[in-house]
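Take a look at the structure below.
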Amino acid sequence: MSTWRIKDGKIAEYRRFYAQLLNAIRELDRDVVAFFAFGNSDGTEITNVHVFPDAPTLERHMAVIREKTGLLPGELTSVLELMEPLGVQVYGAPGGQAAAMDQGMKDDGVPFTGKERYLGGFSLADRRS
């Protein structure tokens with residue numbers, strides 16, 4: 001999960017950016033379990049909730065994001081023109097490109113919380129297989 005402050009006057013641009021991203025994820029990233037965004041009533045803050053069943057799916061997701069938006073670890077310029085990160089919660093232990101992107105945000109002082117150790121559970125998506 002990640003929470004972002006939308007910069008003044010940028011909500012319409014954010015909505016366009018998110019619609020493009022959503023279409024790309026829906027088309028190219030079919031194994032993502034959940035990909036949601038929620039906003040406050042005045043359009044100044046959003047929280048993203050993304051759920052991946054495993055590390056390979058997260059890594060494919062990062063490749064789709066890189067391909068469709070040009071976002072790379074350490075290079076979030078296009079997103080930062082629209083919004084700034086307020087905090088991130090990570091559950092599980094991402095690796096690869098996701099870990100690199102997270103580390104860049106940590107290095108920039110973005111607060112991170114969460115839990116690395118998976119204890120168990122299930123998703124209705126588990127029933128797809």
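Residues in the structure tokens are named by chain (A, B, ... in the order shown) and by number from 1 within that chain; ligands are numbered from 1 in the order shown.
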Excluding Ala55 in chain A and residues on its chain fewer than 6 positions from it, collect all residues at most 9 Å away from it, counting only C-alpha atoms, and give them as an MDAnalysis selection string.
-> chainID A and resid 93:96
All strand (DSSP E or B) positions in range 19-79 of chain A, as a tab-separated table (two decimals) with C-alpha atoms, in the first residue's frame:
chain	number	residue	atom	x	y	z
A	34	ALA	CA	-5.78	-6.64	-6.67
A	35	PHE	CA	-4.95	-3.18	-8.01
A	36	PHE	CA	-7.01	-0.43	-6.38
A	37	ALA	CA	-6.74	3.30	-5.68
A	38	PHE	CA	-8.79	5.20	-3.12
A	39	GLY	CA	-8.94	8.98	-2.78
A	45	GLU	CA	-4.55	12.34	-1.32
A	46	ILE	CA	-4.73	8.80	-2.67
A	47	THR	CA	-3.87	5.37	-1.34
A	48	ASN	CA	-2.97	2.49	-3.64
A	49	VAL	CA	-3.59	-1.11	-2.64
A	50	HIS	CA	-1.76	-3.66	-4.79
A	51	VAL	CA	-1.73	-7.40	-4.07
A	72	LEU	CA	12.48	2.82	-13.19
A	75	GLU	CA	13.64	7.46	-11.62
Using only C-alpha atoms, find the one residue out of A:Gly9, A:Ala24, A:Thr69, A:Val33 that sits nearest to Asp54 in chain A.
->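 Of A:Gly9, A:Ala24, A:Thr69, A:Val33, the one nearest Asp54 in chain A is A:Val33, counting only C-alpha atoms.
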Pick out the residues sitting within 10 Å of Lys106 in chain A, and hand them over as a PyMOL selection string; count only C-alpha atoms, and ignore anything fewer than 5 positions along from it in its own chain.
-> chain A and resi 87-88+100-101+111-112
Would you mind exporting the chosen residues as a PDB file, in the first residue's frame, restricted to N, CA and C atoms?
ATOM      1  N   GLY A  87       3.895   7.795   2.393  1.00  0.00           N
ATOM      2  CA  GLY A  87       4.276   6.600   3.133  1.00  0.00           C
ATOM      3  C   GLY A  87       3.934   5.347   2.361  1.00  0.00           C
ATOM      4  N   VAL A  88       4.643   4.283   2.695  1.00  0.00           N
ATOM      5  CA  VAL A  88       4.461   3.000   2.021  1.00  0.00           C
ATOM      6  C   VAL A  88       4.396   1.904   3.080  1.00  0.00           C
ATOM      7  N   ALA A 100      14.394  -2.458  -5.471  1.00  0.00           N
ATOM      8  CA  ALA A 100      15.224  -1.323  -5.879  1.00  0.00           C
ATOM      9  C   ALA A 100      14.428  -0.023  -5.854  1.00  0.00           C
ATOM     10  N   MET A 101      13.170  -0.066  -6.333  1.00  0.00           N
ATOM     11  CA  MET A 101      12.333   1.131  -6.308  1.00  0.00           C
ATOM     12  C   MET A 101      12.039   1.537  -4.865  1.00  0.00           C
ATOM     13  N   PRO A 111       8.664   7.337   4.517  1.00  0.00           N
ATOM     14  CA  PRO A 111       8.470   6.364   5.592  1.00  0.00           C
ATOM     15  C   PRO A 111       7.936   5.029   5.066  1.00  0.00           C
ATOM     16  N   PHE A 112       8.559   3.956   5.508  1.00  0.00           N
ATOM     17  CA  PHE A 112       8.148   2.594   5.158  1.00  0.00           C
ATOM     18  C   PHE A 112       7.815   1.832   6.430  1.00  0.00           C
TER      19      PHE A 112
END
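Nearest to Glu13 in chain A of all the residues A:Met105, A:Val79, A:Val64, A:Leu28 is A:Val79, based on only C-alpha atoms.
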Tell me, in Å to one decimal, how far CA of Ala98 in chain A is from CA of Asn40 in chain A.
-> 26.2 Å
Rounded to one decimal place, report the CA of Glu67 in chain A-CA of Gln97 in chain A distance in Å.
->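 If I compute the distance from CA of Glu67 in chain A to CA of Gln97 in chain A, I get 12.8 Å.
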Run DSSP on the backbone and grab whatever in range 8-54 of chain A lands in alpha helix (DSSP H); send it over as a PyMOL selection string.
-> chain A and resi 11-28
Which one is closest to Ser123 in chain A: A:Gly104, A:Pro53, A:Pro85, A:Gly43? Count only C-alpha atoms.
->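 Smallest distance to Ser123 in chain A is found for A:Pro53.
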Find, counting only C-alpha atoms, the residue in A:Val110, A:Leu124, A:Ala99, A:Met83 that gets nearest to Arg5 in chain A.
-> A:Met83
Proximity to Lys68 in chain A - best of A:Met1, A:Leu119, A:Ile6, A:Ile25, only C-alpha atoms |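 Of A:Met1, A:Leu119, A:Ile6, A:Ile25, the one nearest Lys68 in chain A, counting only C-alpha atoms, is A:Ile25.
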For Tyr91 in chain A: contacts at 6 Å, only C-alpha atoms, fewer than 6 positions along chain excluded, given as a list in words = Gly114, Lys115 and Glu116 of chain A
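Interatomic distance, CA of Glu59 in chain A against CA of Glu81 in chain A: 24.7 Å.
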